[in-house]
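Enquirer: This is the structure I want to talk about, given as structure tokens.
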Amino acid sequence: MNKKILLIAIVLSIIPFLSFDNHRKDDTGKSLVESKLSSMTLREKIAQMVISYSDGYSIDRNSKEYKRLTNLVKNQKIGGFVFFKGNSIQEAELINDLQSMSGTPLLISADFERGTKMRLDDGSLFPNNMAIGAARNPQLAYKMGLMIAKECRALGIHQNYAPVLDVNNNPKNPIINVRSYGEDPLLVSEMGLAFIKGIQDGNVIATGKHFPGHGDTDIDSHNDLPVINNDMERLNKVELLPFKNAVNSGVKSIMIAHLSFPAIENSPNVPASLSGKIVDGILKEQLGFPGLIVTDALNMAGITKHFSTKEVALMCVNAGIDLILMPQGEEATITAIEKAVKQGEISEERIDYSVMKILETKSRLGLNENKLVDINKVGEIINSQEEQDLSQLIADESITLVKNDNNVIPIKKSGSNVLLLSLNNGNDKGNSDFFIQKLNEKSGALFNKIKVVEKSGDISNTEDILSDAEGYDFILIPVYAKVKIKTGTVGLPESQINLVKSLRANGKKVIVIAFGNPYLLQGFEEIDSYICAYGDGDTSILAVIKGILGEIKFKGKLPVSINDNFKYGAGINN
């Protein structure tokens, strides 16, 4: 079978998977999608594969940014956009504006792994995936996915770049960490599949990421190209398992990571996202995935350090990518691919294969009938009370009491003096003000005195803190060491670790709360109590305070192993 016939056969095989209304015909007997495809020029078809970016704030129509967006839609006729920031009303208005000027409906995407507030100023915010893993409740994952999908459709967003299906088995991973459901491939599969079903039951495309697995890295691909030296046997047992299960369960999209896998792709610096051996060979042929394949953002250093815009464009197509996300130059990308097709380096059937999937997806989403949203309904749907209640329930079920020597928690001694030592690693202060406010409000008369000390990054002098601590019954230490792109770490400076150890060595009752990285206990295992909250959203903070004060019991179980003493599944119900 030659390449042309094979491509046509593949296209025909995916139509039943993608299409809900392919039986509808035009006057010539073609399906509406086939008719649309045949009416497009080569350049218009290639442009459908390009996804650009925008923030979601109101834009001055005379601004450089608005002119950029207008050019991409009207002149370049790209396939869609991913939105990164914004206000819900303004974002919906801008999406409607862009849709109105586009002949072919735009595919709009966003990165809402844990809710719309991950990007929007006024959206909903759920606990991180690792909290879902700690709660061990797939129904909560499903409901979370369904509610996020409802918000997506209200905004005019059709594809959510979630869930993260990476198995976080490297404690030093600086970019996945709490974004993963945990270290067990079966747990990641169970929670990930429930979330996918919720998203897709809400008529939004779920996107499993970052294929073939970003969990066992200690480099952030925003900074450079991580290299995974695992063999195929290990990949099949661990990293690929959640993706295999997602494919078998009907996930509609997969995002490919900027990671090097020498055991599969031995060409220097070629990441999975640009590798035919990984995209076509493993994802399509081995796993049998027929849906939309999207790159991770192509502005990341793992790509830009090694390849030009033209090289990336052609490598994406040759690898089997359908959606080219945030290339460094949309027009240059389209032109490079168009030239390659005209010169016979890439077949037009290869382009048709991807564009057929894209057009079918837009049709299935109902965009041909109605691509605009009702702005008046956005405020009623975004961050509803139902979503806030679900977020609190997930947080309450997930907080994990890992260590509790001498039953220090819950704190019951009335009239106690508490030194609240708030630490962060210098990357992000976190939600410390909210924690301080709510602890003061909820503790009431239980504490006689709460003194707050906040330290960020490396601490040059700890003697004053150690001396001051002598007058306090409890040392409560909330730690904000969180995933943040391009920082390269989720750990703590050595000086902060030594301070915590010194406070315990001085005989104080030390309680550490990890509002982020759960592995921090490795640095100061001798402390009395250790709580994992897996994030510092408002509901996670409230859940921790309620647990410390005895208002709720700790129910979570570790979804990762901290060390040999505190392994996967550990957790004190108290």
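Identifiers in the structure tokens: chain A, B, ... in order shown; residue index from 1 per chain; ligand index from 1 in order shown.
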Env of Asn318 (chain A): 12 Å cut, atoms = only C-alpha atoms, seq-sep filter 4 positions within chain, self excluded. Answer as number ranges by chain.
Expert: A: 273-281, 311-314, 322, 324, 337, 340-341, 345-347, 350-351, 354
Enquirer: Okay, now the selection with N, CA and C atoms, as a tab-separated table (two decimals), in the first residue's frame?
Expert:
```
chain	number	residue	atom	x	y	z
A	273	SER	N	7.96	15.80	20.71
A	273	SER	CA	6.99	16.62	19.97
A	273	SER	C	7.32	16.74	18.49
A	274	LEU	N	8.57	16.48	18.11
A	274	LEU	CA	8.99	16.61	16.71
A	274	LEU	C	9.47	15.27	16.14
A	275	SER	N	9.16	14.19	16.84
A	275	SER	CA	9.68	12.87	16.46
A	275	SER	C	8.60	11.98	15.85
A	276	GLY	N	8.80	11.58	14.60
A	276	GLY	CA	7.88	10.64	13.97
A	276	GLY	C	7.90	9.29	14.64
A	277	LYS	N	9.04	8.89	15.20
A	277	LYS	CA	9.14	7.60	15.87
A	277	LYS	C	8.24	7.56	17.11
A	278	ILE	N	8.05	8.72	17.73
A	278	ILE	CA	7.23	8.77	18.95
A	278	ILE	C	5.77	9.10	18.63
A	279	VAL	N	5.53	10.11	17.80
A	279	VAL	CA	4.15	10.51	17.49
A	279	VAL	C	3.48	9.49	16.59
A	280	ASP	N	4.04	9.28	15.40
A	280	ASP	CA	3.45	8.30	14.48
A	280	ASP	C	3.68	6.87	14.98
A	281	GLY	N	4.92	6.59	15.41
A	281	GLY	CA	5.28	5.22	15.75
A	281	GLY	C	4.62	4.69	17.00
A	311	GLU	N	12.34	24.83	10.53
A	311	GLU	CA	12.63	23.43	10.88
A	311	GLU	C	11.54	22.84	11.75
A	312	VAL	N	11.08	23.60	12.74
A	312	VAL	CA	10.02	23.12	13.63
A	312	VAL	C	8.75	22.85	12.85
A	313	ALA	N	8.38	23.74	11.94
A	313	ALA	CA	7.15	23.58	11.16
A	313	ALA	C	7.16	22.27	10.39
A	314	LEU	N	8.23	22.01	9.67
A	314	LEU	CA	8.30	20.81	8.84
A	314	LEU	C	8.42	19.55	9.70
A	322	ASP	N	-1.02	17.38	14.50
A	322	ASP	CA	-2.19	18.03	13.87
A	322	ASP	C	-2.26	19.51	14.21
A	324	ILE	N	-0.25	22.76	15.66
A	324	ILE	CA	1.07	23.33	15.91
A	324	ILE	C	0.88	24.52	16.85
A	337	ILE	N	5.58	25.29	5.41
A	337	ILE	CA	4.88	24.03	5.10
A	337	ILE	C	4.32	24.08	3.68
A	340	ALA	N	7.03	23.42	1.24
A	340	ALA	CA	7.44	22.01	1.26
A	340	ALA	C	6.45	21.14	0.49
A	341	VAL	N	5.16	21.45	0.60
A	341	VAL	CA	4.15	20.68	-0.14
A	341	VAL	C	4.31	20.92	-1.64
A	345	GLU	N	7.98	17.75	-0.91
A	345	GLU	CA	8.62	17.20	0.28
A	345	GLU	C	7.58	16.66	1.26
A	346	ILE	N	6.39	17.24	1.23
A	346	ILE	CA	5.25	16.79	2.05
A	346	ILE	C	4.06	16.65	1.12
A	347	SER	N	3.29	15.58	1.27
A	347	SER	CA	2.14	15.39	0.39
A	347	SER	C	0.95	16.22	0.88
A	350	ARG	N	-1.18	14.41	3.32
A	350	ARG	CA	-0.77	14.49	4.73
A	350	ARG	C	-1.43	15.69	5.41
A	351	ILE	N	-1.49	16.81	4.74
A	351	ILE	CA	-2.15	18.00	5.28
A	351	ILE	C	-3.65	17.73	5.44
A	354	SER	N	-4.71	15.80	8.66
A	354	SER	CA	-4.86	16.58	9.89
A	354	SER	C	-6.04	17.54	9.82
```
Enquirer: If we count only C-alpha atoms, what is near Ile548 (chain A) at a cut-off of 8 Å, once residues fewer than 2 positions away on the same chain are taken out, given as a list in words?
Expert: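 Everything that qualifies: Ile409, Pro410, Ile411, Val544, Ile545, Lys546, Gly550 and Glu551 of chain A.
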Enquirer: Taking the backbone alone, and naming residues the way the document does, which bits of region 208-433 of chain A are alpha helix (DSSP H) by DSSP, as a PyMOL selection string?
Expert: chain A and resi 232-237+240-248+276+301-304+309-319+330-342+348-364+375-381+385-398+432-433
Enquirer: DSSP on the backbone: what in region 104-256 of chain A comes out strand (DSSP E or B), as a CSV table (one decimal) with C-alpha atoms, in the first residue's frame?
Expert:
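And here's selection.csv as it stands now:
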```csv
chain,number,residue,atom,x,y,z
A,107,LEU,CA,-10.8,26.2,17.9
A,108,ILE,CA,-10.3,28.0,21.2
A,109,SER,CA,-8.2,26.4,23.9
A,110,ALA,CA,-7.0,27.1,27.4
A,159,GLN,CA,-10.3,22.4,24.3
A,160,ASN,CA,-8.8,22.2,27.7
A,164,VAL,CA,-1.8,16.0,33.3
A,205,ILE,CA,-12.1,18.3,24.3
A,206,ALA,CA,-9.9,16.8,27.0
A,207,THR,CA,-6.1,16.7,26.3
A,208,GLY,CA,-3.9,14.2,28.0
A,209,LYS,CA,-0.4,15.5,28.6
A,210,HIS,CA,2.6,15.4,28.4
A,211,PHE,CA,3.1,12.3,26.2
A,227,VAL,CA,16.5,13.8,28.5
A,253,SER,CA,-6.6,14.9,22.2
A,254,ILE,CA,-3.1,14.2,23.3
A,255,MET,CA,-0.3,16.8,23.9
A,256,ILE,CA,3.2,15.8,23.1
```
Enquirer: For Phe515 (chain A), please output as a list of chain:residue names all residues within 6 Å (counting only C-alpha atoms; exclusion window: fewer than 5 positions along the same chain).
Expert: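 Result of the neighbour search: A:Val479, A:Tyr480, A:Ala533, A:Tyr534, A:Gly535, A:Asp536.
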Enquirer: Once you have the residues from the selection above, write them out as a CSV table (one decimal), in the first residue's frame, restricted to C-alpha atoms.
Expert:
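This is the output file part.csv:
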```
chain,number,residue,atom,x,y,z
A,479,VAL,CA,5.8,26.5,53.5
A,480,TYR,CA,5.1,27.8,50.0
A,533,ALA,CA,-2.0,20.3,51.3
A,534,TYR,CA,-0.6,19.9,47.7
A,535,GLY,CA,-1.3,23.6,46.9
A,536,ASP,CA,-2.3,26.9,48.5
```
Enquirer: Provide the CA of Met147 (chain A) to CA of Glu386 (chain A) distance in Å, to one decimal place.
Expert: 8.8 Å
Enquirer: Here is a test: counting only C-alpha atoms, which residue of A:Lys284, A:Lys451, A:Lys567, A:Lys438 is nearest to Ser540 (chain A)?
Expert: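 Of A:Lys284, A:Lys451, A:Lys567, A:Lys438, the one nearest Ser540 (chain A) is A:Lys438, counting only C-alpha atoms.
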Enquirer: For region 74-87 of chain A, find every residue with an atom within 8 Å (counting only C-alpha atoms), except residues of its own chain fewer than 6 positions away, and show them as number ranges by chain.
Expert: A: 44, 47-57, 101-111, 119-122, 331
Enquirer: Which polymer residues have any atom within 6 Å of an atom of region 555-560 of chain A, counting only C-alpha atoms, with same-chain residues fewer than 2 positions away left out, as a ChimeraX atom specification?
Expert: /A:133-135,182-183,397-400,568-571,573
Enquirer: What would the file look like if the residues just selected were written as a compact mmCIF listing (two decimals), in the first residue's frame with N, CA and C atoms?
Expert:
```
# COMPACT_ATOMS: atom_id res chain seq x y z
N GLY A 133 -5.46 12.88 43.84
CA GLY A 133 -4.82 11.59 44.09
C GLY A 133 -4.83 11.24 45.56
N ALA A 134 -4.64 12.23 46.43
CA ALA A 134 -4.64 11.98 47.88
C ALA A 134 -6.03 11.62 48.38
N ALA A 135 -7.06 12.21 47.78
CA ALA A 135 -8.44 11.92 48.18
C ALA A 135 -8.91 10.55 47.70
N GLY A 182 -0.06 11.54 41.00
CA GLY A 182 0.77 10.77 41.91
C GLY A 182 1.82 9.93 41.20
N GLU A 183 2.40 9.00 41.94
CA GLU A 183 3.50 8.18 41.41
C GLU A 183 3.05 6.82 40.89
N GLU A 397 -11.17 16.46 51.70
CA GLU A 397 -10.92 15.02 51.56
C GLU A 397 -9.44 14.72 51.30
N SER A 398 -8.68 15.72 50.89
CA SER A 398 -7.32 15.46 50.42
C SER A 398 -6.22 15.75 51.42
N ILE A 399 -6.41 16.71 52.32
CA ILE A 399 -5.31 17.09 53.21
C ILE A 399 -4.81 15.85 53.96
N THR A 400 -3.50 15.73 54.03
CA THR A 400 -2.87 14.50 54.50
C THR A 400 -1.97 14.77 55.70
N TYR A 568 4.12 5.81 49.73
CA TYR A 568 2.83 5.91 49.04
C TYR A 568 1.74 5.24 49.89
N GLY A 569 0.64 5.95 50.10
CA GLY A 569 -0.48 5.40 50.87
C GLY A 569 -0.47 5.77 52.33
N ALA A 570 0.64 6.37 52.82
CA ALA A 570 0.70 6.76 54.23
C ALA A 570 -0.24 7.92 54.49
N GLY A 571 -0.74 7.98 55.70
CA GLY A 571 -1.64 9.06 56.08
C GLY A 571 -2.35 8.71 57.37
N ASN A 573 -5.31 9.14 59.92
CA ASN A 573 -6.69 9.62 60.05
C ASN A 573 -6.89 10.14 61.47
```
Enquirer: Which residue gives the smallest distance to Val204 (chain A) among A:Ile176, A:Ile562, A:Leu365, A:Asn448, with only C-alpha atoms counted?
Expert: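 Checking each of A:Ile176, A:Ile562, A:Leu365, A:Asn448 against Val204 (chain A), counting only C-alpha atoms, the winner is A:Leu365.
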Enquirer: What's the 8 Å shell around Leu476 (chain A), counting only C-alpha atoms, without same-chain residues fewer than 3 positions away, as a list in words?
Expert: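 The neighbour list is Val418, Leu419, Leu420, Leu421, Val510, Ile511, Val512 and Ile513 of chain A.
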Enquirer: Could you save the residues just selected, with N, CA and C atoms, as a tab-separated table (two decimals), in the first residue's frame?
Expert:
```tsv
chain	number	residue	atom	x	y	z
A	418	VAL	N	1.60	30.91	69.74
A	418	VAL	CA	2.01	30.30	68.47
A	418	VAL	C	2.89	31.26	67.69
A	419	LEU	N	4.06	30.76	67.29
A	419	LEU	CA	4.90	31.49	66.35
A	419	LEU	C	4.61	30.95	64.96
A	420	LEU	N	4.08	31.82	64.10
A	420	LEU	CA	3.76	31.42	62.74
A	420	LEU	C	4.91	31.89	61.84
A	421	LEU	N	5.74	30.93	61.44
A	421	LEU	CA	6.91	31.23	60.61
A	421	LEU	C	6.59	30.84	59.17
A	510	VAL	N	7.11	21.52	66.53
A	510	VAL	CA	7.18	22.11	65.20
A	510	VAL	C	6.21	21.40	64.26
A	511	ILE	N	5.32	22.20	63.68
A	511	ILE	CA	4.33	21.70	62.72
A	511	ILE	C	4.61	22.35	61.38
A	512	VAL	N	4.90	21.55	60.35
A	512	VAL	CA	5.16	22.08	59.01
A	512	VAL	C	4.02	21.70	58.09
A	513	ILE	N	3.55	22.70	57.33
A	513	ILE	CA	2.48	22.47	56.34
A	513	ILE	C	3.06	22.73	54.96
```
Enquirer: Mind checking which residues fall within 9 Å of Lys197 (chain A), counting only C-alpha atoms, ignoring those fewer than 2 positions away in the same chain, and posting them as JSON, numbers by chain?
Expert: {"A": [142, 145, 146, 192, 193, 194, 195, 199, 200, 201, 202, 206, 249, 250, 251]}
Enquirer: When you draw a straight line from CA of Gly329 (chain A) to CA of Lys36 (chain A), how long is it in Å?
Expert: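 Here the two named atoms are 26.1 Å from each other.
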